[in-house]
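Undergrad: The following file, work_10.cif, comprises mmCIF, C-alpha atoms:
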data_entry
loop_
_atom_site.label_atom_id
_atom_site.label_comp_id
_atom_site.auth_asym_id
_atom_site.auth_seq_id
_atom_site.Cartn_x
_atom_site.Cartn_y
_atom_site.Cartn_z
CA MET X 1 0.00 0.00 0.00
CA PHE X 2 2.71 2.48 1.02
CA SER X 3 5.43 3.40 -1.46
CA ALA X 4 9.11 2.96 -0.55
CA GLU X 5 9.61 6.73 -0.68
CA PHE X 6 6.67 7.33 1.64
CA CYS X 7 7.94 4.71 4.10
CA ARG X 8 11.39 6.29 4.17
CA ARG X 9 9.94 9.75 4.72
CA GLU X 10 7.61 8.63 7.52
CA GLY X 11 10.09 6.21 9.12
CA ILE X 12 8.00 3.10 8.44
CA VAL X 13 9.99 -0.11 8.84
CA SER X 14 7.13 -2.49 8.03
CA CYS X 15 3.35 -2.45 7.65
CA GLU X 16 0.63 -5.07 7.98
CA HIS X 17 -3.00 -4.97 6.89
CA ARG X 18 -5.06 -5.71 10.00
CA ALA X 19 -8.70 -5.39 8.98
CA ASP X 20 -11.21 -3.87 6.61
CA LEU X 21 -13.47 -1.49 8.51
CA PRO X 22 -17.23 -1.12 7.91
CA SER X 23 -18.13 1.42 5.23
CA LYS X 24 -21.01 1.54 2.77
CA LYS X 25 -19.47 4.06 0.38
CA ASN X 26 -15.70 3.53 0.48
CA LYS X 27 -13.01 0.94 1.13
CA VAL X 28 -11.57 1.58 4.58
CA SER X 29 -8.66 -0.47 5.93
CA LEU X 30 -6.68 -0.55 9.15
CA TYR X 31 -2.89 -1.00 9.03
CA ARG X 32 -0.38 -1.68 11.78
CA LEU X 33 2.98 -0.03 11.20
CA GLN X 34 6.35 -0.55 12.81
CA MET X 35 8.05 2.82 13.04
CA ALA X 36 11.80 3.39 13.28
CA GLY X 37 12.49 4.21 16.92
CA GLU X 38 8.81 4.94 17.70
CA GLY X 39 7.25 1.52 18.20
CA GLU X 40 3.91 0.71 16.60
CA LYS X 41 1.31 2.96 15.06
CA HIS X 42 -2.09 2.21 13.58
CA TRP X 43 -3.33 4.15 10.56
CA VAL X 44 -6.54 4.01 8.54
CA VAL X 45 -6.50 4.17 4.75
CA LYS X 46 -9.75 5.40 3.24
CA ARG X 47 -10.13 4.91 -0.52
CA PHE X 48 -12.80 6.93 -2.33
CA ALA X 49 -14.69 6.06 -5.50
CA ALA X 50 -14.70 9.73 -6.52
CA ALA X 51 -11.71 12.08 -6.26
CA GLU X 52 -13.89 15.12 -5.49
CA ARG X 53 -15.25 13.38 -2.38
CA CYS X 54 -11.71 12.64 -1.23
CA LYS X 55 -10.77 16.29 -1.71
CA LYS X 56 -13.88 17.45 0.18
CA GLU X 57 -13.16 15.21 3.16
CA ALA X 58 -9.52 16.31 3.36
CA GLU X 59 -10.62 19.95 3.22
CA ILE X 60 -13.22 19.57 5.98
CA LEU X 61 -10.84 17.59 8.19
CA ALA X 62 -8.27 20.38 7.92
CA VAL X 63 -10.84 23.06 8.79
CA LEU X 64 -12.18 21.19 11.81
CA LYS X 65 -8.75 20.14 13.12
CA ALA X 66 -7.50 23.73 12.92
CA ALA X 67 -10.55 24.86 14.91
CA GLY X 68 -9.93 22.29 17.65
CA VAL X 69 -12.90 20.08 16.78
CA ALA X 70 -12.25 16.40 17.60
CA VAL X 71 -11.60 14.58 14.31
CA PRO X 72 -8.93 12.07 13.23
CA ARG X 73 -5.61 13.61 12.24
CA LEU X 74 -5.04 13.67 8.49
CA ILE X 75 -1.61 12.15 7.87
CA PHE X 76 -1.52 12.13 4.07
CA ALA X 77 -3.89 13.04 1.23
CA ALA X 78 -3.69 11.62 -2.28
CA GLU X 79 -6.06 12.08 -5.22
CA ASN X 80 -8.40 9.25 -4.24
CA TYR X 81 -7.36 8.13 -0.78
CA LEU X 82 -6.55 9.53 2.66
CA ILE X 83 -4.34 8.19 5.42
CA LEU X 84 -5.82 8.97 8.82
CA GLU X 85 -4.97 8.51 12.46
CA TYR X 86 -6.70 5.44 13.91
CA ILE X 87 -8.79 6.12 17.00
CA ALA X 88 -9.78 3.11 19.08
CA GLY X 89 -13.30 3.37 20.41
CA ARG X 90 -16.90 2.43 19.75
CA THR X 91 -19.40 4.16 17.52
CA LEU X 92 -22.41 5.93 18.97
CA LEU X 93 -24.55 3.29 17.28
CA ALA X 94 -22.70 0.56 19.21
CA TRP X 95 -23.18 2.59 22.40
CA LEU X 96 -26.92 2.91 21.72
CA GLU X 97 -27.28 -0.80 20.99
CA GLU X 98 -25.37 -1.71 24.16
CA THR X 99 -27.46 0.71 26.21
CA GLU X 100 -30.64 -1.02 25.06
CA GLU X 101 -29.23 -4.45 25.90
CA ILE X 102 -28.65 -3.62 29.56
CA GLN X 103 -30.91 -5.85 31.60
CA GLU X 104 -33.66 -4.27 33.67
CA GLY X 105 -32.52 -3.61 37.22
CA GLN X 106 -28.85 -3.11 36.38
CA LEU X 107 -27.26 0.16 37.41
CA GLN X 108 -27.04 2.39 34.38
CA THR X 109 -26.61 6.04 33.59
CA GLY X 110 -29.07 7.95 31.47
CA PRO X 111 -28.38 9.21 27.94
CA GLU X 112 -27.64 12.76 29.08
CA PRO X 113 -23.79 12.53 29.28
CA VAL X 114 -23.48 11.17 25.74
CA ALA X 115 -26.14 13.59 24.47
CA GLU X 116 -24.09 16.45 25.95
CA GLN X 117 -20.95 15.26 24.19
CA LEU X 118 -22.69 14.93 20.84
CA SER X 119 -24.38 18.32 21.27
CA ASP X 120 -21.07 20.00 22.11
CA TRP X 121 -19.36 18.40 19.11
CA LEU X 122 -22.11 19.45 16.67
CA VAL X 123 -22.15 23.04 17.94
CA SER X 124 -18.34 23.30 17.61
CA CYS X 125 -18.44 21.73 14.14
CA TYR X 126 -21.11 24.08 12.79
CA ALA X 127 -19.34 27.13 14.24
CA ALA X 128 -16.02 26.11 12.64
CA LEU X 129 -17.58 25.44 9.23
CA ASP X 130 -19.63 28.64 9.30
CA LYS X 131 -16.50 30.67 10.07
CA ALA X 132 -14.44 28.95 7.37
CA TYR X 133 -17.04 29.17 4.59
CA GLY X 134 -18.95 32.30 5.58
CA GLU X 135 -22.31 30.53 5.47
CA PRO X 136 -23.97 27.60 7.28
CA GLN X 137 -22.71 24.13 6.34
CA ILE X 138 -24.13 20.73 7.28
CA LEU X 139 -22.71 17.22 7.53
CA TRP X 140 -25.70 15.56 5.82
CA ASP X 141 -24.42 12.06 6.65
CA VAL X 142 -25.25 12.18 10.38
CA GLN X 143 -25.54 8.46 11.05
CA LEU X 144 -24.47 7.41 14.55
CA ARG X 145 -21.83 5.22 12.90
CA ASN X 146 -19.99 8.43 12.07
CA PHE X 147 -19.40 9.40 15.70
CA LEU X 148 -16.82 7.61 17.83
CA LEU X 149 -16.63 7.46 21.62
CA ALA X 150 -13.00 7.25 22.76
CA ASP X 151 -11.14 9.58 25.14
CA ARG X 152 -13.72 12.08 23.88
CA LEU X 153 -16.30 12.15 21.10
CA TYR X 154 -14.90 12.27 17.54
CA GLY X 155 -16.67 12.94 14.27
CA LEU X 156 -15.95 10.91 11.14
CA ASP X 157 -16.86 10.96 7.44
CA PHE X 158 -17.17 14.45 5.91
CA GLU X 159 -17.29 13.81 2.18
CA GLU X 160 -20.97 14.83 1.94
CA CYS X 161 -20.67 18.18 3.73
CA LYS X 162 -22.51 20.96 1.92
CA ARG X 163 -24.31 24.25 2.42
CA GLY X 164 -27.48 23.97 4.47
CA ARG X 165 -29.32 24.71 7.69
CA PRO X 166 -28.43 22.79 10.88
CA GLU X 167 -32.12 21.87 11.24
CA THR X 168 -31.69 19.54 8.26
CA ASP X 169 -28.91 17.60 10.02
CA ILE X 170 -30.70 17.52 13.37
CA GLY X 171 -33.95 16.29 11.83
CA ARG X 172 -32.16 13.55 9.92
CA LEU X 173 -30.13 12.61 13.00
CA PHE X 174 -33.28 12.25 15.11
CA ALA X 175 -34.98 10.19 12.39
CA PHE X 176 -31.97 7.87 12.18
CA ILE X 177 -31.79 7.44 15.96
CA LEU X 178 -35.48 6.56 16.21
CA THR X 179 -35.37 3.99 13.41
CA TYR X 180 -32.27 1.96 14.26
CA HIS X 181 -33.28 -1.64 15.00
CA PRO X 182 -35.40 -2.11 17.03
CA PRO X 183 -37.09 1.16 16.05
CA PHE X 184 -39.11 3.59 18.14
CA THR X 185 -38.16 2.19 21.55
CA ALA X 186 -38.34 4.12 24.81
CA CYS X 187 -34.53 4.16 24.92
CA LYS X 188 -34.33 5.84 21.52
CA PHE X 189 -37.00 8.39 22.34
CA GLY X 190 -35.11 9.09 25.57
CA PHE X 191 -31.86 9.73 23.71
CA VAL X 192 -33.60 12.07 21.26
CA ALA X 193 -35.22 13.93 24.16
CA ALA X 194 -31.87 14.35 25.93
CA LEU X 195 -30.18 15.51 22.74
CA ARG X 196 -33.00 17.95 21.99
CA ALA X 197 -32.73 19.45 25.49
CA SER X 198 -28.97 19.90 25.16
CA LEU X 199 -29.08 21.37 21.65
CA ALA X 200 -31.84 23.81 22.63
CA LEU X 201 -29.40 25.47 25.02
CA ARG X 202 -26.66 25.80 22.40
CA LEU X 203 -28.15 26.34 18.96
CA PRO X 204 -30.92 28.76 17.84
CA LEU X 205 -32.85 26.02 16.04
CA SER X 206 -36.34 26.16 14.58
CA TRP X 207 -37.96 23.03 16.00
CA GLN X 208 -40.69 23.32 13.39
CA LEU X 209 -38.05 22.90 10.67
CA VAL X 210 -36.47 19.99 12.59
CA ALA X 211 -39.85 18.27 12.82
CA ASP X 212 -40.49 18.84 9.12
CA GLU X 213 -37.12 17.28 8.26
CA ILE X 214 -37.88 14.24 10.43
CA THR X 215 -41.11 13.74 8.47
CA ARG X 216 -39.27 14.07 5.15
CA GLU X 217 -36.62 11.57 6.25
CA PHE X 218 -39.29 9.05 7.30
CA THR X 219 -40.75 9.40 3.78
CA ARG X 220 -37.32 8.87 2.20
CA MET X 221 -36.78 5.80 4.37
CA GLN X 222 -40.05 4.27 3.19
CA LYS X 223 -38.92 4.73 -0.42
CA ARG X 224 -35.38 3.34 -0.07
CA ARG X 225 -36.11 0.55 2.40
CA PRO X 226 -38.63 -1.92 0.93
CA HIS X 227 -39.47 -3.44 4.33
CA PHE X 228 -39.50 -0.24 6.39
CA ARG X 229 -42.86 0.58 7.94
CA LEU X 230 -43.86 3.24 10.42
CA PRO X 231 -45.68 1.65 13.37
CA GLY X 232 -49.44 2.08 13.57
CA GLU X 233 -50.80 5.27 12.06
CA SER X 234 -47.89 7.30 10.75
CA GLY X 235 -49.75 10.49 11.61
CA GLY X 236 -49.84 9.46 15.24
CA LEU X 237 -46.12 8.76 15.28
CA VAL X 238 -45.30 12.10 13.68
CA GLU X 239 -47.48 13.83 16.26
CA GLN X 240 -45.61 11.98 19.04
CA VAL X 241 -42.30 13.19 17.61
CA ARG X 242 -43.57 16.75 17.38
CA ARG X 243 -44.68 16.67 21.02
CA LEU X 244 -41.19 15.49 21.93
CA LEU X 245 -39.64 18.47 20.11
CA TYR X 246 -42.03 21.14 21.31
#
Could the structure of this file be written out as structure tokens, please?

TA:
Amino acid sequence: MFSAEFCRREGIVSCEHRADLPSKKNKVSLYRLQMAGEGEKHWVVKRFAAAERCKKEAEILAVLKAAGVAVPRLIFAAENYLILEYIAGRTLLAWLEETEEIQEGQLQTGPEPVAEQLSDWLVSCYAALDKAYGEPQILWDVQLRNFLLADRLYGLDFEECKRGRPETDIGRLFAFILTYHPPFTACKFGFVAALRASLALRLPLSWQLVADEITREFTRMQKRRPHFRLPGESGGLVEQVRRLLY
């Protein structure tokens, strides 16, 4: 994977492919490297199908890193792949799934601490992008798989960033949270409620626009997922979501 010149420049003695990491859009691989005089390092190589997406992600990573937002360090950028710092942790989706698996009666904390971390990260991200581009930018791909809990919360995957209102991201994020399997559970509603409460203190959001985006995302889900169904009367579910937001 790494050229001889690159290895000499970076002080890489040897490298070993360790695993292919989950990704729906790109080929993402983890490598273990033996460094001259520095022990081991682990890097992620992310290969893109389109060069413009690779360029966009490198650009956004640089903006966010410079602003102090928690993202992986960009080590090297080529035309169609990036080499990134590997951060060991678990995705927010894994955290949510594990939270729901905790047996009744076990001591557990509520969703508020994680909701606070995610809220803080989103606010910092939007502020950094707004300052860099002079107008509001959104992530668009706000799946919980793209947030990593480690020593702190990190954001991942920025190739779909574009101009837009934060309400679009927040509405999509809430729709995704509510519909992860199993969908529409009390745990998921609780996480959305905690995140809504935290964001309300930090961002001047229109909750009407957030609710409208949730409804649009539910409609998109029904079109792209043949087996996806909203429980009961969809109007009743949408009304429940609106009550949660307002």

Undergrad: Under the PyMOL selection byres ((chain X and resi 18) around 12), which residues of this model are included? Write them out as a list of chain:residue names.

TA: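 That selection, the PyMOL selection byres ((chain X and resi 18) around 12), comes back as X:Cys15, X:Glu16, X:His17, X:Ala19, X:Asp20, X:Leu21, X:Val28, X:Ser29, X:Leu30, X:Tyr31, X:Arg32, X:Leu33, X:Lys41, X:His42, X:Trp43, X:Val44, X:Val45, X:Tyr86.
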
Undergrad: Calculated over only C-alpha atoms, which of the candidates X:Lys188, X:Arg172, X:Arg225, X:Arg90 has the smallest distance to Leu149 in chain X?

TA: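 Selected residue with least distance to Leu149 in chain X: X:Arg90.
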
Undergrad: Could you please determine the separation between CA of Ile83 in chain X and CA of Ala49 in chain X in Å, to one decimal place?

TA: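 Computing it gives 15.2 Å between the two atoms.
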
Undergrad: Expand the PyMOL selection byres ((chain X and resi 1-13) around 6) into the explicit residue set it covers here, and present it as an MDAnalysis selection string.

TA: chainID X and resid 14 34:36

Undergrad: Do you know which residues are at most 9 Å from Phe218 in chain X counting only C-alpha atoms, after dropping those on the same chain fewer than 2 positions away, and could you put them as a ChimeraX atom specification?

TA: /X:172,175-176,179,213-216,220-223,230

Undergrad: Of the candidates X:Val192, X:Glu100, X:Cys125, X:Ser23, which shows the shortest atom-to-atom distance to Gly155 in chain X, using only C-alpha atoms?

TA: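 Result for the nearest residue to Gly155 in chain X: X:Cys125.
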